[in-house]
Amino acid sequence: AEYMGAVQCGIRGYITINYVTFIDQKTGVQKLWAVDMSCCYSNQLALCNTLLYVTNGTLNTNLCELSVLPHGNTNRPLSSKRRLSDQNGGNRFAVLSTCLFHSNLANYHYSVFFHMCKAHGIGFDIKERKGCLFTLIDGEHRDSFGLICIGNEAKKAISQYAQSLTVIDSEISSPTMKGVTNFNDVIKHLEEILRSIEANTTIYKYSN
């Protein structure tokens with residue numbers, strides 16, 4: 001509907017639509033509202049394109065599926081181990097945001113920051129095409145960044161995202177210098193989603 005409205009107004013090019021989703025307390029049904037529209041190329045779209053580039057994947061927006069093609073020529077015979085892993089192809093699940101902020105990040109050079117992340121296993125596996133990717137949003141102030149976490153399962157991707165933020169916050173903060181950040185709010189929301197996944201999994205398990 002938003003797209004057709006833009007076409008009727010003669011708008012061409014990139015269109016960014018802001019959505020708000022929430023659970024209706026009266027009906028218990030999830031609602032999705034379009035609240036704003038801008039004629040611009042958004043950071044979120046840039047992150048999505050980065051996701052597709054590093055995974056060599058395709059995104060089916062109708063089915064909400066991120067499909068990753070196997071490496072190499074799929075016509076040649078495969079060993080049992082390669083067949084089992086489908087040459088690292090299949091579906092992926094991703095969590096991404098361009099709005100992460102921590103004032104203490106400005107005190108660290110990128111080389112130190114990335115070395116710290118590597119020491120804690122926060123990184124991207126090019127072969128498996130999963131892990132964590134950073135995008136540097138503000139190169140001058142160095143207190144904001146984007147983060148993409150990709151996994152074979154939605155639960156793993158969400159857990160990795162929350163764990164990565166927890167580790168980064170603990171490494172760059174101290175009792176005397178906690179800084180200003182939105183990490184804690186993000187982690188809280190991700191933990192709520194994980195609890196919902198656990199609850200839904202349990203309900204599905206016992207209903208079948």
# chains A, B, ... in the order shown; residues from 1 in each chain; ligands from 1

call {"tool": "select_by_dssp", "arguments": {"residues": "stretch 1-175 of chain A", "states": "strand (DSSP E)", "output": "JSON, numbers by chain"}}
result
{"A": [16, 17, 18, 19, 20, 21, 22, 23, 30, 31, 32, 33, 34, 35, 36, 37, 38, 57, 58, 59, 60, 65, 66, 67, 68, 90, 91, 92, 93, 94, 95, 96, 97, 98, 99, 100, 101, 124, 125, 130, 131, 132, 133, 134, 135, 136, 144, 145, 146, 147, 148, 149, 150, 151]}

call {"tool": "write_last_selection", "arguments": {"atoms": "N, CA and C atoms", "output": "short mmCIF file (atom, residue, chain, number, x, y, z; two decimals), in the first residue's frame"}}
result
data_model
loop_
_atom_site.label_atom_id
_atom_site.label_comp_id
_atom_site.auth_asym_id
_atom_site.auth_seq_id
_atom_site.Cartn_x
_atom_site.Cartn_y
_atom_site.Cartn_z
N THR A 16 12.32 4.76 2.19
CA THR A 16 12.49 4.15 3.50
C THR A 16 11.20 4.30 4.29
N ILE A 17 10.68 3.18 4.77
CA ILE A 17 9.44 3.18 5.55
C ILE A 17 9.75 2.71 6.96
N ASN A 18 9.32 3.48 7.95
CA ASN A 18 9.52 3.12 9.35
C ASN A 18 8.27 2.41 9.88
N TYR A 19 8.50 1.27 10.49
CA TYR A 19 7.41 0.47 11.04
C TYR A 19 7.52 0.39 12.56
N VAL A 20 6.39 0.22 13.19
CA VAL A 20 6.32 -0.07 14.62
C VAL A 20 5.50 -1.33 14.80
N THR A 21 6.03 -2.29 15.54
CA THR A 21 5.29 -3.51 15.80
C THR A 21 5.11 -3.68 17.31
N PHE A 22 3.94 -4.19 17.69
CA PHE A 22 3.64 -4.37 19.10
C PHE A 22 2.53 -5.40 19.25
N ILE A 23 2.37 -5.89 20.46
CA ILE A 23 1.32 -6.85 20.77
C ILE A 23 0.12 -6.10 21.35
N GLN A 30 -0.26 -9.58 17.28
CA GLN A 30 0.80 -8.65 16.91
C GLN A 30 0.32 -7.69 15.84
N LYS A 31 0.58 -6.40 16.06
CA LYS A 31 0.20 -5.35 15.11
C LYS A 31 1.44 -4.79 14.44
N LEU A 32 1.27 -4.34 13.21
CA LEU A 32 2.35 -3.71 12.46
C LEU A 32 1.82 -2.42 11.84
N TRP A 33 2.41 -1.29 12.26
CA TRP A 33 1.98 0.00 11.75
C TRP A 33 3.11 0.64 10.96
N ALA A 34 2.78 1.25 9.82
CA ALA A 34 3.72 2.10 9.09
C ALA A 34 3.54 3.52 9.62
N VAL A 35 4.60 4.10 10.17
CA VAL A 35 4.47 5.40 10.84
C VAL A 35 5.20 6.53 10.12
N ASP A 36 6.07 6.21 9.17
CA ASP A 36 6.80 7.29 8.50
C ASP A 36 7.37 6.78 7.19
N MET A 37 7.58 7.70 6.24
CA MET A 37 8.17 7.34 4.96
C MET A 37 9.11 8.46 4.52
N SER A 38 10.32 8.08 4.11
CA SER A 38 11.32 9.05 3.66
C SER A 38 11.87 8.63 2.31
N GLY A 57 23.98 -14.42 -0.51
CA GLY A 57 22.64 -14.98 -0.34
C GLY A 57 21.57 -14.19 -1.05
N THR A 58 20.37 -14.72 -1.00
CA THR A 58 19.20 -14.05 -1.55
C THR A 58 18.14 -13.98 -0.46
N LEU A 59 17.43 -12.87 -0.43
CA LEU A 59 16.42 -12.66 0.59
C LEU A 59 15.03 -12.70 -0.03
N ASN A 60 14.22 -13.65 0.43
CA ASN A 60 12.83 -13.75 0.01
C ASN A 60 11.99 -13.02 1.05
N GLU A 65 12.92 -15.45 4.28
CA GLU A 65 13.97 -16.45 4.24
C GLU A 65 15.23 -15.88 3.61
N LEU A 66 16.37 -16.13 4.26
CA LEU A 66 17.68 -15.77 3.72
C LEU A 66 18.35 -17.06 3.28
N SER A 67 18.44 -17.26 1.98
CA SER A 67 19.01 -18.48 1.42
C SER A 67 20.43 -18.24 0.96
N VAL A 68 21.33 -19.16 1.32
CA VAL A 68 22.74 -19.05 0.97
C VAL A 68 23.10 -20.20 0.05
N GLY A 90 22.34 -23.40 2.43
CA GLY A 90 21.13 -23.52 3.24
C GLY A 90 20.64 -22.16 3.70
N ASN A 91 19.77 -22.17 4.69
CA ASN A 91 19.20 -20.93 5.21
C ASN A 91 20.05 -20.35 6.32
N ARG A 92 20.00 -19.04 6.44
CA ARG A 92 20.67 -18.33 7.53
C ARG A 92 19.66 -17.41 8.21
N PHE A 93 19.95 -17.08 9.44
CA PHE A 93 19.13 -16.14 10.20
C PHE A 93 20.04 -15.00 10.65
N ALA A 94 19.54 -13.79 10.56
CA ALA A 94 20.38 -12.63 10.85
C ALA A 94 19.66 -11.65 11.77
N VAL A 95 20.45 -11.05 12.65
CA VAL A 95 19.99 -9.95 13.50
C VAL A 95 20.89 -8.77 13.19
N LEU A 96 20.30 -7.61 12.92
CA LEU A 96 21.13 -6.47 12.55
C LEU A 96 20.54 -5.16 13.07
N SER A 97 21.44 -4.21 13.30
CA SER A 97 21.03 -2.89 13.76
C SER A 97 22.12 -1.89 13.41
N THR A 98 21.70 -0.69 13.06
CA THR A 98 22.64 0.40 12.77
C THR A 98 22.70 1.41 13.92
N CYS A 99 21.98 1.15 14.99
CA CYS A 99 21.77 2.18 16.02
C CYS A 99 22.43 1.85 17.35
N LEU A 100 23.57 1.17 17.34
CA LEU A 100 24.25 0.84 18.59
C LEU A 100 25.18 1.98 18.98
N PHE A 101 25.13 2.33 20.26
CA PHE A 101 25.88 3.50 20.74
C PHE A 101 26.52 3.20 22.09
N PHE A 124 33.71 -12.97 12.00
CA PHE A 124 32.93 -13.56 10.92
C PHE A 124 33.72 -14.67 10.24
N ASP A 125 33.09 -15.83 10.07
CA ASP A 125 33.68 -16.97 9.39
C ASP A 125 33.28 -16.91 7.92
N LYS A 130 28.89 -17.17 8.57
CA LYS A 130 28.12 -16.86 9.77
C LYS A 130 29.07 -16.24 10.79
N GLY A 131 28.49 -15.55 11.75
CA GLY A 131 29.29 -14.85 12.75
C GLY A 131 28.85 -13.40 12.85
N CYS A 132 29.78 -12.53 13.25
CA CYS A 132 29.47 -11.12 13.50
C CYS A 132 30.23 -10.21 12.55
N LEU A 133 29.56 -9.18 12.08
CA LEU A 133 30.15 -8.16 11.23
C LEU A 133 29.85 -6.78 11.79
N PHE A 134 30.84 -5.90 11.78
CA PHE A 134 30.66 -4.54 12.25
C PHE A 134 30.65 -3.58 11.05
N THR A 135 29.83 -2.56 11.15
CA THR A 135 29.87 -1.46 10.19
C THR A 135 30.11 -0.17 10.97
N LEU A 136 31.07 0.60 10.53
CA LEU A 136 31.46 1.81 11.24
C LEU A 136 30.60 2.97 10.76
N SER A 144 29.52 5.10 17.63
CA SER A 144 28.36 4.41 17.08
C SER A 144 28.83 3.38 16.05
N PHE A 145 28.11 2.31 15.95
CA PHE A 145 28.43 1.31 14.94
C PHE A 145 27.21 0.45 14.65
N GLY A 146 27.27 -0.27 13.55
CA GLY A 146 26.24 -1.24 13.21
C GLY A 146 26.78 -2.63 13.44
N LEU A 147 25.90 -3.56 13.72
CA LEU A 147 26.32 -4.94 13.98
C LEU A 147 25.35 -5.90 13.32
N ILE A 148 25.92 -6.88 12.61
CA ILE A 148 25.16 -7.97 12.01
C ILE A 148 25.63 -9.28 12.61
N CYS A 149 24.71 -10.09 13.10
CA CYS A 149 25.03 -11.44 13.57
C CYS A 149 24.25 -12.44 12.73
N ILE A 150 24.97 -13.41 12.16
CA ILE A 150 24.38 -14.39 11.25
C ILE A 150 24.60 -15.79 11.82
N GLY A 151 23.54 -16.58 11.83
CA GLY A 151 23.65 -17.94 12.35
C GLY A 151 22.78 -18.90 11.57
#

call {"tool": "atom_distance", "arguments": {"atom1": "atom CA of A:Ile15", "atom2": "atom CA of A:Gln44"}}
result
11.7 Å

call {"tool": "select_by_dssp", "arguments": {"residues": "chain A", "states": "helix (DSSP H, G or I)", "output": "NGL selection string"}}
result
:A and (2-8 or 43-55 or 80-88 or 103-107 or 110-119 or 154-172 or 183-207)

call {"tool": "residues_around", "arguments": {"residues": "stretch 194-208 of chain A", "least_positions_apart": "3", "cutoff": "9 Å", "atoms": "only C-alpha atoms", "output": "MDAnalysis selection string"}}
result
chainID A and resid 155 158:159 189:191

call {"tool": "atom_distance", "arguments": {"atom1": "atom CA of A:Cys40", "atom2": "atom CA of A:Ala106"}}
result
28.1 Å

call {"tool": "residues_around", "arguments": {"residues": "stretch 115-122 of chain A", "least_positions_apart": "4", "cutoff": "9 Å", "atoms": "only C-alpha atoms", "output": "PyMOL selection string"}}
result
chain A and resi 110-111+131-133+160+164+167-168+171

call {"tool": "write_last_selection", "arguments": {"atoms": "N, CA and C atoms", "output": "mmCIF file, in the first residue's frame"}}
result
data_model
loop_
_atom_site.group_PDB
_atom_site.id
_atom_site.type_symbol
_atom_site.label_atom_id
_atom_site.label_comp_id
_atom_site.auth_asym_id
_atom_site.auth_seq_id
_atom_site.Cartn_x
_atom_site.Cartn_y
_atom_site.Cartn_z
ATOM 1 N N TYR A 110 40.213 1.733 16.541
ATOM 2 C CA TYR A 110 39.564 0.585 15.928
ATOM 3 C C TYR A 110 40.438 -0.665 15.998
ATOM 4 N N SER A 111 41.747 -0.509 15.838
ATOM 5 C CA SER A 111 42.639 -1.668 15.877
ATOM 6 C C SER A 111 42.571 -2.369 17.236
ATOM 7 N N GLY A 131 28.494 -15.551 11.754
ATOM 8 C CA GLY A 131 29.286 -14.847 12.755
ATOM 9 C C GLY A 131 28.849 -13.395 12.855
ATOM 10 N N CYS A 132 29.780 -12.533 13.252
ATOM 11 C CA CYS A 132 29.465 -11.121 13.496
ATOM 12 C C CYS A 132 30.232 -10.210 12.550
ATOM 13 N N LEU A 133 29.559 -9.180 12.081
ATOM 14 C CA LEU A 133 30.155 -8.156 11.228
ATOM 15 C C LEU A 133 29.853 -6.784 11.795
ATOM 16 N N GLN A 160 23.939 -14.804 20.049
ATOM 17 C CA GLN A 160 25.264 -14.289 19.721
ATOM 18 C C GLN A 160 25.284 -12.767 19.729
ATOM 19 N N SER A 164 27.588 -10.771 22.327
ATOM 20 C CA SER A 164 28.629 -9.880 21.792
ATOM 21 C C SER A 164 28.538 -8.505 22.438
ATOM 22 N N VAL A 167 29.791 -8.707 26.075
ATOM 23 C CA VAL A 167 31.256 -8.773 26.148
ATOM 24 C C VAL A 167 31.878 -7.411 25.869
ATOM 25 N N ILE A 168 31.407 -6.743 24.812
ATOM 26 C CA ILE A 168 31.969 -5.442 24.451
ATOM 27 C C ILE A 168 31.755 -4.435 25.573
ATOM 28 N N GLU A 171 34.113 -5.059 28.443
ATOM 29 C CA GLU A 171 35.516 -4.788 28.133
ATOM 30 C C GLU A 171 35.830 -3.297 28.080
#

call {"tool": "residues_around", "arguments": {"residues": "A:Met177", "least_positions_apart": "6", "cutoff": "12 Å", "atoms": "only C-alpha atoms", "output": "mmCIF file with all heavy atoms, in the first residue's frame"}}
result
data_model
loop_
_atom_site.group_PDB
_atom_site.id
_atom_site.type_symbol
_atom_site.label_atom_id
_atom_site.label_comp_id
_atom_site.auth_asym_id
_atom_site.auth_seq_id
_atom_site.Cartn_x
_atom_site.Cartn_y
_atom_site.Cartn_z
ATOM 1 N N HIS A 102 27.773 3.594 22.232
ATOM 2 C CA HIS A 102 28.454 3.516 23.530
ATOM 3 C C HIS A 102 29.507 4.617 23.560
ATOM 4 O O HIS A 102 30.431 4.631 22.754
ATOM 5 C CB HIS A 102 29.111 2.148 23.730
ATOM 6 C CG HIS A 102 29.343 1.796 25.167
ATOM 7 N ND1 HIS A 102 30.047 2.621 26.029
ATOM 8 C CD2 HIS A 102 28.951 0.723 25.914
ATOM 9 C CE1 HIS A 102 30.097 2.060 27.233
ATOM 10 N NE2 HIS A 102 29.429 0.910 27.192
ATOM 11 N N SER A 103 29.364 5.545 24.499
ATOM 12 C CA SER A 103 30.267 6.701 24.537
ATOM 13 C C SER A 103 31.713 6.289 24.808
ATOM 14 O O SER A 103 32.650 6.984 24.385
ATOM 15 C CB SER A 103 29.793 7.691 25.613
ATOM 16 O OG SER A 103 29.744 7.071 26.891
ATOM 17 N N ASN A 104 31.944 5.165 25.487
ATOM 18 C CA ASN A 104 33.314 4.730 25.792
ATOM 19 C C ASN A 104 34.068 4.252 24.561
ATOM 20 O O ASN A 104 35.299 4.153 24.587
ATOM 21 C CB ASN A 104 33.293 3.616 26.837
ATOM 22 C CG ASN A 104 32.908 4.119 28.216
ATOM 23 O OD1 ASN A 104 32.765 5.327 28.415
ATOM 24 N ND2 ASN A 104 32.713 3.215 29.150
ATOM 25 N N LEU A 105 33.358 3.932 23.497
ATOM 26 C CA LEU A 105 34.025 3.478 22.273
ATOM 27 C C LEU A 105 34.965 4.538 21.713
ATOM 28 O O LEU A 105 35.956 4.213 21.056
ATOM 29 C CB LEU A 105 32.982 3.110 21.218
ATOM 30 C CG LEU A 105 32.266 1.771 21.389
ATOM 31 C CD1 LEU A 105 31.116 1.671 20.404
ATOM 32 C CD2 LEU A 105 33.229 0.613 21.199
ATOM 33 N N ASN A 107 37.060 6.153 23.171
ATOM 34 C CA ASN A 107 38.367 6.089 23.830
ATOM 35 C C ASN A 107 39.267 5.003 23.250
ATOM 36 O O ASN A 107 40.414 4.866 23.679
ATOM 37 C CB ASN A 107 38.185 5.841 25.331
ATOM 38 C CG ASN A 107 37.371 6.927 26.002
ATOM 39 O OD1 ASN A 107 37.499 8.103 25.671
ATOM 40 N ND2 ASN A 107 36.507 6.539 26.930
ATOM 41 N N ASP A 169 30.558 -4.427 26.140
ATOM 42 C CA ASP A 169 30.254 -3.497 27.233
ATOM 43 C C ASP A 169 31.151 -3.747 28.437
ATOM 44 O O ASP A 169 31.662 -2.810 29.053
ATOM 45 C CB ASP A 169 28.789 -3.628 27.626
ATOM 46 C CG ASP A 169 28.390 -2.646 28.729
ATOM 47 O OD1 ASP A 169 28.662 -1.438 28.571
ATOM 48 O OD2 ASP A 169 27.808 -3.088 29.732
ATOM 49 N N SER A 170 31.362 -5.014 28.779
ATOM 50 C CA SER A 170 32.203 -5.328 29.939
ATOM 51 C C SER A 170 33.663 -4.977 29.701
ATOM 52 O O SER A 170 34.381 -4.616 30.640
ATOM 53 C CB SER A 170 32.081 -6.823 30.282
ATOM 54 O OG SER A 170 32.582 -7.630 29.231
ATOM 55 N N GLU A 171 34.113 -5.059 28.443
ATOM 56 C CA GLU A 171 35.516 -4.788 28.133
ATOM 57 C C GLU A 171 35.830 -3.297 28.080
ATOM 58 O O GLU A 171 36.945 -2.887 28.421
ATOM 59 C CB GLU A 171 35.882 -5.436 26.792
ATOM 60 C CG GLU A 171 36.039 -6.945 26.854
ATOM 61 C CD GLU A 171 37.235 -7.365 27.680
ATOM 62 O OE1 GLU A 171 38.287 -6.697 27.599
ATOM 63 O OE2 GLU A 171 37.115 -8.359 28.419
#

call {"tool": "decode", "arguments": {"residues": "stretch 46-59 of chain A", "atoms": "all heavy atoms", "output": "CSV table (one decimal), in the first residue's frame"}}
result
chain,number,residue,atom,x,y,z
A,46,ALA,N,21.4,-0.4,3.7
A,46,ALA,CA,22.8,-0.6,3.5
A,46,ALA,C,23.3,-1.9,4.2
A,46,ALA,O,24.1,-2.6,3.7
A,46,ALA,CB,23.6,0.6,3.9
A,47,LEU,N,22.8,-2.0,5.4
A,47,LEU,CA,23.2,-3.2,6.2
A,47,LEU,C,22.6,-4.5,5.6
A,47,LEU,O,23.3,-5.5,5.6
A,47,LEU,CB,22.7,-3.0,7.7
A,47,LEU,CG,23.7,-3.4,8.8
A,47,LEU,CD1,24.9,-2.5,8.7
A,47,LEU,CD2,23.0,-3.2,10.2
A,48,CYS,N,21.4,-4.4,5.1
A,48,CYS,CA,20.8,-5.6,4.4
A,48,CYS,C,21.6,-6.0,3.2
A,48,CYS,O,21.9,-7.2,2.9
A,48,CYS,CB,19.4,-5.3,4.0
A,48,CYS,SG,18.2,-5.3,5.4
A,49,ASN,N,22.0,-5.0,2.4
A,49,ASN,CA,22.8,-5.2,1.2
A,49,ASN,C,24.2,-5.8,1.6
A,49,ASN,O,24.8,-6.6,0.9
A,49,ASN,CB,23.0,-4.0,0.4
A,49,ASN,CG,21.7,-3.6,-0.4
A,49,ASN,OD1,20.9,-4.5,-0.6
A,49,ASN,ND2,21.5,-2.3,-0.7
A,50,THR,N,24.8,-5.3,2.7
A,50,THR,CA,26.0,-5.9,3.2
A,50,THR,C,25.9,-7.3,3.6
A,50,THR,O,26.7,-8.2,3.3
A,50,THR,CB,26.5,-5.1,4.4
A,50,THR,OG1,26.7,-3.7,4.1
A,50,THR,CG2,27.8,-5.6,5.0
A,51,LEU,N,24.7,-7.6,4.3
A,51,LEU,CA,24.4,-9.0,4.6
A,51,LEU,C,24.4,-9.9,3.4
A,51,LEU,O,24.9,-11.0,3.4
A,51,LEU,CB,23.1,-9.0,5.4
A,51,LEU,CG,22.4,-10.4,5.6
A,51,LEU,CD1,23.3,-11.2,6.6
A,51,LEU,CD2,21.0,-10.2,6.2
A,52,LEU,N,23.7,-9.5,2.4
A,52,LEU,CA,23.6,-10.3,1.2
A,52,LEU,C,24.9,-10.4,0.5
A,52,LEU,O,25.2,-11.5,-0.1
A,52,LEU,CB,22.5,-9.7,0.2
A,52,LEU,CG,21.1,-9.6,0.7
A,52,LEU,CD1,20.2,-8.9,-0.3
A,52,LEU,CD2,20.5,-10.9,1.0
A,53,TYR,N,25.7,-9.4,0.5
A,53,TYR,CA,27.0,-9.5,-0.1
A,53,TYR,C,28.0,-10.5,0.6
A,53,TYR,O,28.6,-11.3,-0.1
A,53,TYR,CB,27.7,-8.1,-0.1
A,53,TYR,CG,29.1,-8.0,-0.7
A,53,TYR,CD1,29.3,-8.1,-2.0
A,53,TYR,CD2,30.2,-8.0,0.2
A,53,TYR,CE1,30.6,-8.1,-2.5
A,53,TYR,CE2,31.5,-7.9,-0.3
A,53,TYR,CZ,31.7,-8.0,-1.7
A,53,TYR,OH,33.0,-8.0,-2.1
A,54,VAL,N,28.1,-10.4,1.9
A,54,VAL,CA,29.0,-11.3,2.6
A,54,VAL,C,28.6,-12.7,2.6
A,54,VAL,O,29.4,-13.6,2.7
A,54,VAL,CB,29.3,-10.8,4.0
A,54,VAL,CG1,29.9,-9.4,4.0
A,54,VAL,CG2,28.0,-10.8,4.9
A,55,THR,N,27.3,-13.0,2.5
A,55,THR,CA,26.8,-14.4,2.5
A,55,THR,C,26.6,-14.9,1.1
A,55,THR,O,26.3,-16.1,1.0
A,55,THR,CB,25.4,-14.5,3.3
A,55,THR,OG1,24.5,-13.6,2.7
A,55,THR,CG2,25.6,-14.0,4.7
A,56,ASN,N,26.6,-14.0,0.1
A,56,ASN,CA,26.3,-14.4,-1.3
A,56,ASN,C,24.9,-15.0,-1.3
A,56,ASN,O,24.6,-16.0,-1.9
A,56,ASN,CB,27.3,-15.4,-1.8
A,56,ASN,CG,27.1,-15.6,-3.3
A,56,ASN,OD1,26.6,-14.7,-4.0
A,56,ASN,ND2,27.5,-16.7,-3.9
A,57,GLY,N,24.0,-14.4,-0.5
A,57,GLY,CA,22.6,-15.0,-0.3
A,57,GLY,C,21.6,-14.2,-1.0
A,57,GLY,O,21.8,-13.1,-1.6
A,58,THR,N,20.4,-14.7,-1.0
A,58,THR,CA,19.2,-14.1,-1.6
A,58,THR,C,18.1,-14.0,-0.5
A,58,THR,O,18.0,-14.9,0.3
A,58,THR,CB,18.6,-14.8,-2.8
A,58,THR,OG1,18.3,-16.2,-2.4
A,58,THR,CG2,19.6,-14.8,-3.9
A,59,LEU,N,17.4,-12.9,-0.4
A,59,LEU,CA,16.4,-12.7,0.6
A,59,LEU,C,15.0,-12.7,0.0
A,59,LEU,O,14.7,-11.9,-0.9
A,59,LEU,CB,16.6,-11.3,1.3
A,59,LEU,CG,15.7,-10.9,2.4
A,59,LEU,CD1,15.8,-12.0,3.6
A,59,LEU,CD2,15.9,-9.5,2.9
